[in-house]
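Structure file target.txt; described as compact mmCIF, C-alpha atoms.
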```
# COMPACT_ATOMS: atom_id res chain seq x y z
CA MET A 879 50.90 79.77 31.08
CA ARG A 880 50.06 80.45 34.69
CA THR A 881 46.74 81.95 33.60
CA ALA A 882 45.99 78.86 31.51
CA LEU A 883 46.70 76.57 34.47
CA PHE A 884 44.55 78.73 36.71
CA ALA A 885 41.73 78.58 34.17
CA ALA A 886 42.16 74.81 33.94
CA ALA A 887 42.05 74.53 37.73
CA ILE A 888 38.83 76.55 37.84
CA LEU A 889 37.35 74.26 35.22
CA LEU A 890 38.40 71.18 37.20
CA VAL A 891 36.95 72.24 40.54
CA PRO A 892 33.26 71.80 39.75
CA ALA A 893 34.00 68.38 38.19
CA LEU A 894 35.82 67.24 41.34
CA VAL A 895 33.03 68.51 43.60
CA ARG A 896 30.46 66.65 41.56
CA ALA A 897 32.49 63.43 41.85
CA ASP A 898 32.71 63.81 45.62
CA ASP A 899 28.98 64.46 45.88
CA LYS A 900 28.26 61.32 43.88
CA ASP A 901 30.45 59.31 46.28
CA VAL A 902 28.71 60.77 49.34
CA ILE A 903 25.29 59.88 47.92
CA GLU A 904 26.49 56.39 46.96
CA TYR A 905 27.91 55.83 50.45
CA ARG A 906 24.74 56.83 52.27
CA GLU A 907 22.74 54.62 49.91
CA HIS A 908 24.94 51.65 50.89
CA VAL A 909 24.30 52.42 54.56
CA MET A 910 20.54 52.84 54.10
CA LYS A 911 20.44 49.53 52.19
CA GLU A 912 22.25 47.87 55.09
CA LEU A 913 19.48 49.16 57.36
CA ASN A 914 16.88 47.83 54.96
CA GLU A 915 18.40 44.34 54.83
CA GLN A 916 18.90 44.23 58.62
CA SER A 917 15.29 45.31 59.19
CA ALA A 918 14.03 42.73 56.70
CA ALA A 919 16.01 39.96 58.41
CA LEU A 920 14.67 41.05 61.81
CA GLY A 921 11.16 41.16 60.36
CA GLN A 922 11.49 37.53 59.29
CA ILE A 923 12.67 36.61 62.80
CA LEU A 924 9.79 38.54 64.40
CA SER A 925 7.26 36.79 62.19
CA THR A 926 8.86 33.50 63.34
CA VAL A 927 9.48 32.22 59.79
CA ILE A 928 13.20 32.23 60.66
CA PRO A 929 14.62 31.02 64.02
CA GLY A 930 15.98 33.79 66.24
CA ASP A 931 19.53 32.41 66.62
CA ASN A 932 21.09 35.54 65.09
CA THR A 933 18.81 38.14 66.69
CA VAL A 934 21.45 39.73 68.93
CA ALA A 935 23.91 39.97 66.01
CA HIS A 936 21.24 41.63 63.85
CA LEU A 937 20.40 44.11 66.62
CA ASP A 938 24.09 44.96 67.04
CA ALA A 939 24.56 45.41 63.29
CA LEU A 940 21.38 47.49 63.08
CA ALA A 941 22.64 49.84 65.82
CA LEU A 942 26.00 50.23 64.04
CA ALA A 943 24.30 50.93 60.71
CA ALA A 944 21.92 53.44 62.32
CA ARG A 945 24.88 55.37 63.76
CA ALA A 946 26.67 55.26 60.39
CA ALA A 947 23.49 56.45 58.65
CA THR A 948 23.21 59.44 60.96
CA LYS A 949 26.84 60.40 60.28
CA ALA A 950 26.35 59.84 56.54
CA PHE A 951 24.06 62.88 56.41
CA ASP A 952 26.61 65.18 58.09
CA ALA A 953 27.88 66.09 54.63
CA LYS A 954 24.85 67.99 53.42
CA VAL A 955 24.80 66.75 49.85
CA PRO A 956 21.40 66.96 48.12
CA GLY A 957 20.45 64.18 45.73
CA GLY A 958 19.77 60.48 45.62
CA GLU A 959 16.47 59.66 47.32
CA ALA A 960 16.76 62.46 49.88
CA LYS A 961 13.89 64.91 49.42
CA PRO A 962 14.74 68.65 49.57
CA GLU A 963 12.96 68.64 52.97
CA VAL A 964 15.98 66.81 54.47
CA TRP A 965 17.99 70.00 54.04
CA THR A 966 15.24 72.57 54.63
CA ASN A 967 14.08 70.78 57.84
CA TYR A 968 17.55 69.55 58.74
CA ALA A 969 17.13 69.96 62.52
CA ASP A 970 13.97 67.81 62.53
CA PHE A 971 15.55 65.26 60.19
CA MET A 972 18.67 64.93 62.35
CA LYS A 973 16.57 64.72 65.53
CA ARG A 974 14.73 61.75 64.02
CA MET A 975 17.99 60.13 62.87
CA ASN A 976 19.60 60.60 66.29
CA ASP A 977 16.48 59.19 68.00
CA PHE A 978 16.66 56.20 65.66
CA ALA A 979 20.37 55.67 66.42
CA ALA A 980 19.75 56.01 70.19
CA LYS A 981 16.78 53.61 70.17
CA THR A 982 18.59 50.94 68.14
CA ALA A 983 21.65 51.29 70.41
CA LYS A 984 19.36 50.81 73.43
CA MET A 985 17.82 47.68 71.86
CA ALA A 986 21.28 46.20 71.28
CA ASP A 987 22.23 46.99 74.87
CA THR A 988 19.00 45.42 76.18
CA ALA A 989 19.62 42.33 74.04
CA HIS A 990 23.04 41.83 75.65
CA LYS A 991 21.82 42.49 79.20
CA GLN A 992 18.32 40.95 79.19
CA GLY A 993 18.18 38.83 76.06
CA ALA A 994 16.78 39.18 72.56
CA ASP A 995 13.11 38.85 73.53
CA ALA A 996 13.30 41.78 75.94
CA ALA A 997 14.98 43.90 73.28
CA LEU A 998 12.41 43.07 70.62
CA ASN A 999 9.63 44.59 72.75
CA ASP A 1000 10.96 47.95 71.56
CA VAL A 1001 11.43 47.10 67.89
CA VAL A 1002 8.26 48.73 66.55
CA ASP A 1003 8.99 51.97 68.37
CA ALA A 1004 12.67 51.93 67.32
CA LEU A 1005 12.13 51.11 63.65
CA SER A 1006 10.02 54.07 62.67
CA CYS A 1007 11.42 53.86 59.12
CA LYS A 1008 8.13 54.56 57.37
CA SER A 1009 7.15 57.73 59.25
CA CYS A 1010 10.52 59.28 58.36
CA HIS A 1011 10.63 57.96 54.78
CA ASP A 1012 7.14 59.34 54.15
CA VAL A 1013 8.43 62.84 54.82
CA TYR A 1014 12.06 62.72 53.73
CA ARG A 1015 12.52 60.03 51.09
CA ALA A 1016 11.57 60.06 47.41
CA GLU A 1017 12.02 56.39 46.56
CA LYS A 1018 13.37 55.62 43.11
CA LYS A 1019 11.70 52.50 41.78
CA MET B 883 -13.90 12.22 57.77
CA ARG B 884 -10.67 11.32 59.52
CA THR B 885 -9.33 9.92 56.23
CA ALA B 886 -10.26 13.12 54.43
CA LEU B 887 -8.45 15.23 57.05
CA PHE B 888 -5.42 12.98 56.83
CA ALA B 889 -5.43 13.31 53.03
CA ALA B 890 -5.75 17.07 53.37
CA ALA B 891 -2.84 17.14 55.83
CA ILE B 892 -0.66 15.16 53.43
CA LEU B 893 -1.52 17.62 50.67
CA LEU B 894 -0.63 20.56 52.92
CA VAL B 895 2.78 19.31 54.00
CA PRO B 896 4.68 19.94 50.75
CA ALA B 897 3.16 23.43 50.49
CA LEU B 898 4.32 24.28 54.03
CA VAL B 899 7.80 22.93 53.38
CA ARG B 900 8.08 25.02 50.26
CA ALA B 901 7.03 28.13 52.18
CA ASP B 902 9.72 27.51 54.82
CA ASP B 903 12.37 26.98 52.16
CA LYS B 904 11.42 30.24 50.50
CA ASP B 905 11.82 32.04 53.84
CA VAL B 906 15.23 30.46 54.44
CA ILE B 907 16.41 31.54 50.98
CA GLU B 908 14.99 35.05 51.46
CA TYR B 909 16.72 35.36 54.84
CA ARG B 910 20.15 34.35 53.57
CA GLU B 911 19.73 36.75 50.66
CA HIS B 912 19.11 39.58 53.12
CA VAL B 913 22.28 38.62 54.99
CA MET B 914 24.39 38.33 51.82
CA LYS B 915 23.09 41.73 50.70
CA GLU B 916 24.16 43.18 54.06
CA LEU B 917 27.65 41.83 53.36
CA ASN B 918 27.55 43.37 49.91
CA GLU B 919 26.57 46.82 51.19
CA GLN B 920 29.11 46.70 54.04
CA SER B 921 31.87 45.69 51.60
CA ALA B 922 30.88 48.44 49.18
CA ALA B 923 30.95 51.05 51.97
CA LEU B 924 34.38 49.79 53.11
CA GLY B 925 35.57 49.87 49.48
CA GLN B 926 34.64 53.53 49.27
CA ILE B 927 36.54 54.22 52.49
CA LEU B 928 39.59 52.27 51.23
CA SER B 929 39.61 54.21 47.98
CA THR B 930 39.52 57.40 50.13
CA VAL B 931 36.46 58.84 48.38
CA ILE B 932 34.70 58.70 51.76
CA PRO B 933 36.34 59.68 55.08
CA GLY B 934 37.06 56.74 57.40
CA ASP B 935 35.07 57.99 60.43
CA ASN B 936 32.81 54.93 60.42
CA THR B 937 35.44 52.30 59.59
CA VAL B 938 35.36 50.51 62.95
CA ALA B 939 31.54 50.37 62.90
CA HIS B 940 31.61 48.92 59.38
CA LEU B 941 34.18 46.29 60.39
CA ASP B 942 32.06 45.33 63.41
CA ALA B 943 28.91 45.08 61.30
CA LEU B 944 30.77 43.11 58.62
CA ALA B 945 31.95 40.57 61.22
CA LEU B 946 28.40 40.20 62.58
CA ALA B 947 26.96 39.73 59.09
CA ALA B 948 29.67 37.20 58.18
CA ARG B 949 28.78 35.13 61.25
CA ALA B 950 25.07 35.37 60.44
CA ALA B 951 25.78 34.37 56.81
CA THR B 952 27.64 31.26 57.93
CA LYS B 953 24.74 30.26 60.18
CA ALA B 954 22.24 31.04 57.41
CA PHE B 955 23.55 28.07 55.42
CA ASP B 956 23.10 25.61 58.30
CA ALA B 957 19.64 24.87 56.96
CA LYS B 958 20.64 23.13 53.76
CA VAL B 959 18.02 24.58 51.47
CA PRO B 960 18.92 24.55 47.76
CA GLY B 961 17.80 27.50 45.65
CA GLY B 962 18.28 31.21 45.27
CA GLU B 963 21.73 32.04 43.93
CA ALA B 964 23.41 29.07 45.66
CA LYS B 965 24.86 26.71 43.05
CA PRO B 966 24.31 22.94 43.57
CA GLU B 967 28.04 22.80 44.44
CA VAL B 968 27.25 24.47 47.81
CA TRP B 969 25.54 21.25 48.87
CA THR B 970 27.70 18.71 47.03
CA ASN B 971 30.94 20.36 48.33
CA TYR B 972 29.39 21.45 51.62
CA ALA B 973 32.52 20.82 53.74
CA ASP B 974 34.64 23.05 51.48
CA PHE B 975 31.91 25.69 51.29
CA MET B 976 31.51 25.83 55.09
CA LYS B 977 35.30 25.88 55.58
CA ARG B 978 35.42 29.00 53.38
CA MET B 979 32.47 30.59 55.19
CA ASN B 980 34.00 29.88 58.60
CA ASP B 981 37.38 31.27 57.44
CA PHE B 982 35.57 34.37 56.23
CA ALA B 983 33.73 34.77 59.55
CA ALA B 984 36.98 34.23 61.50
CA LYS B 985 38.97 36.71 59.40
CA THR B 986 36.33 39.44 59.60
CA ALA B 987 36.03 38.86 63.38
CA LYS B 988 39.83 39.22 63.64
CA MET B 989 39.73 42.48 61.64
CA ALA B 990 37.07 43.90 63.98
CA ASP B 991 39.15 42.86 66.98
CA THR B 992 42.30 44.43 65.49
CA ALA B 993 40.35 47.63 64.76
CA HIS B 994 39.35 47.94 68.42
CA LYS B 995 42.83 47.11 69.76
CA GLN B 996 45.15 48.73 67.20
CA GLY B 997 42.92 51.05 65.18
CA ALA B 998 41.18 50.94 61.83
CA ASP B 999 44.32 51.32 59.70
CA ALA B 1000 45.96 48.25 61.24
CA ALA B 1001 42.77 46.24 60.65
CA LEU B 1002 42.46 47.30 57.02
CA ASN B 1003 45.85 45.73 56.22
CA ASP B 1004 44.00 42.41 56.25
CA VAL B 1005 40.94 43.47 54.27
CA VAL B 1006 41.94 42.02 50.89
CA ASP B 1007 42.75 38.65 52.44
CA ALA B 1008 39.56 38.66 54.54
CA LEU B 1009 37.16 39.72 51.79
CA SER B 1010 37.72 36.85 49.37
CA CYS B 1011 34.13 37.23 48.13
CA LYS B 1012 34.93 36.73 44.46
CA SER B 1013 36.91 33.47 44.77
CA CYS B 1014 33.99 31.90 46.65
CA HIS B 1015 31.25 33.44 44.48
CA ASP B 1016 33.02 32.17 41.33
CA VAL B 1017 32.58 28.61 42.55
CA TYR B 1018 29.39 28.71 44.61
CA ARG B 1019 27.16 31.53 43.38
CA ALA B 1020 25.00 31.75 40.26
CA GLU B 1021 24.19 35.45 40.25
CA LYS B 1022 20.73 36.39 39.03
CA LYS B 1023 20.95 39.62 37.06
```
Target format structure tokens, applied to this file:
Amino acid sequence: MRTALFAAAILLVPALVRADDKDVIEYREHVMKELNEQSAALGQILSTVIPGDNTVAHLDALALAARAATKAFDAKVPGGEAKPEVWTNYADFMKRMNDFAAKTAKMADTAHKQGADAALNDVVDALSCKSCHDVYRAEKK
Amino acid sequence: MRTALFAAAILLVPALVRADDKDVIEYREHVMKELNEQSAALGQILSTVIPGDNTVAHLDALALAARAATKAFDAKVPGGEAKPEVWTNYADFMKRMNDFAAKTAKMADTAHKQGADAALNDVVDALSCKSCHDVYRAEKK
């Protein structure tokens, strides 16, 4: 009986690990999509097709999402749109993510202290999404 | 010549208005998608499949997005997934949006003062997405 339970437990473990991994991937995809929507909204404001009333709120939310995104890759779970290079070049990947989080945090801080326009001077440098995605993301269409 | 220019200007106006409307709809869709991703991430945390390390950041970002969403409907532009009822029952719609923004702001405040767990007691009441979507949203699949 005990042996049967032990065997059952062994069988269950990989299933549970797979479920957790799926959740981790799903979570980081939610966070990356937040970043995408925030960046798109800011892009509309920058191109002046939308008034900038909410700019500071978007910069704050972007900084929060960037920090969450960085933490979301702490659990080193391959899969989703993350290329294998994320894990083989993990130090470089995390350096880029931490730079991104630091730069978006600085923009939010500048927005509060000097206003949205001053903060947006740094937006192109801070939102280096493409250069990182080119190396580390395999987009699923 | 002046008449021709005037005629051309008249012809251009509706095209420009349509372009603006499209931008307004696109912007509020970005903001509603932010809300969706934030809610989904919080849902994963609430169901304990994801650790709660980022809970306060998600609650802050949710409150910011809720405020931006409320403002995004100030420009009364029909279209997108907004049902006609948004504009015919605008006072009720905006009351619900303002309640939503106030409740998510209160959750963020509670999270900072009393911790994430205390804030999450109010999450079901604050995130009344479905009751509002049932009345005011025509989801495009």
TODO: Tell me, as a PyMOL selection string, which residues lie within 8 Å of region 974-982 of chain A, counting all atoms listed in the file; anything in the same chain fewer than 4 positions away does not count.
DONE: chain A and resi 937+940-941+944-945+947-948+970+986+1004-1006+1010
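Set the cut-off at 7 Å, count all atoms listed in the file, and the residues of chain A near chain B turn out to be Asp898, Asp901, Val902, Tyr905, His908, Val909, Lys911, Glu912, Glu915, Ala918, Ala919, Val927, Ile928, Asn932, Ala935, Ala939, Leu942 and Ala946 of chain A.
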Write a file of the selected residues as a PDB file, keeping the file's coordinate frame, keeping C-alpha atoms.
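So the final result, stored in result.pdb, reads:
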```pdb
ATOM      1  CA  ASP A 898      32.710  63.810  45.620  1.00  0.00           C
ATOM      2  CA  ASP A 901      30.450  59.310  46.280  1.00  0.00           C
ATOM      3  CA  VAL A 902      28.710  60.770  49.340  1.00  0.00           C
ATOM      4  CA  TYR A 905      27.910  55.830  50.450  1.00  0.00           C
ATOM      5  CA  HIS A 908      24.940  51.650  50.890  1.00  0.00           C
ATOM      6  CA  VAL A 909      24.300  52.420  54.560  1.00  0.00           C
ATOM      7  CA  LYS A 911      20.440  49.530  52.190  1.00  0.00           C
ATOM      8  CA  GLU A 912      22.250  47.870  55.090  1.00  0.00           C
ATOM      9  CA  GLU A 915      18.400  44.340  54.830  1.00  0.00           C
ATOM     10  CA  ALA A 918      14.030  42.730  56.700  1.00  0.00           C
ATOM     11  CA  ALA A 919      16.010  39.960  58.410  1.00  0.00           C
ATOM     12  CA  VAL A 927       9.480  32.220  59.790  1.00  0.00           C
ATOM     13  CA  ILE A 928      13.200  32.230  60.660  1.00  0.00           C
ATOM     14  CA  ASN A 932      21.090  35.540  65.090  1.00  0.00           C
ATOM     15  CA  ALA A 935      23.910  39.970  66.010  1.00  0.00           C
ATOM     16  CA  ALA A 939      24.560  45.410  63.290  1.00  0.00           C
ATOM     17  CA  LEU A 942      26.000  50.230  64.040  1.00  0.00           C
ATOM     18  CA  ALA A 946      26.670  55.260  60.390  1.00  0.00           C
TER      19      ALA A 946
END
```
Task: For CA of Tyr1014 (chain A) and CA of Tyr968 (chain A), the interatomic separation in Å (one decimal) - done: 10.1 Å
Open item on the list: Give me, as a ChimeraX atom specification, all polymer residues having an atom no more than 12 Å from Lys961 (chain A), counting only C-alpha atoms and skipping those fewer than 2 positions away in the same chain.
Closed with: /A:955-959,963-968,971,1010-1018
Open item on the list: Can you measure CA of Met972 (chain A) to CA of Ala953 (chain A) for me? One decimal in Å is fine.
Closed with: 12.1 Å
Open item on the list: Can you measure CA of Thr992 (chain B) to CA of Val1006 (chain B) for me? One decimal in Å is fine.
Closed with: 14.8 Å
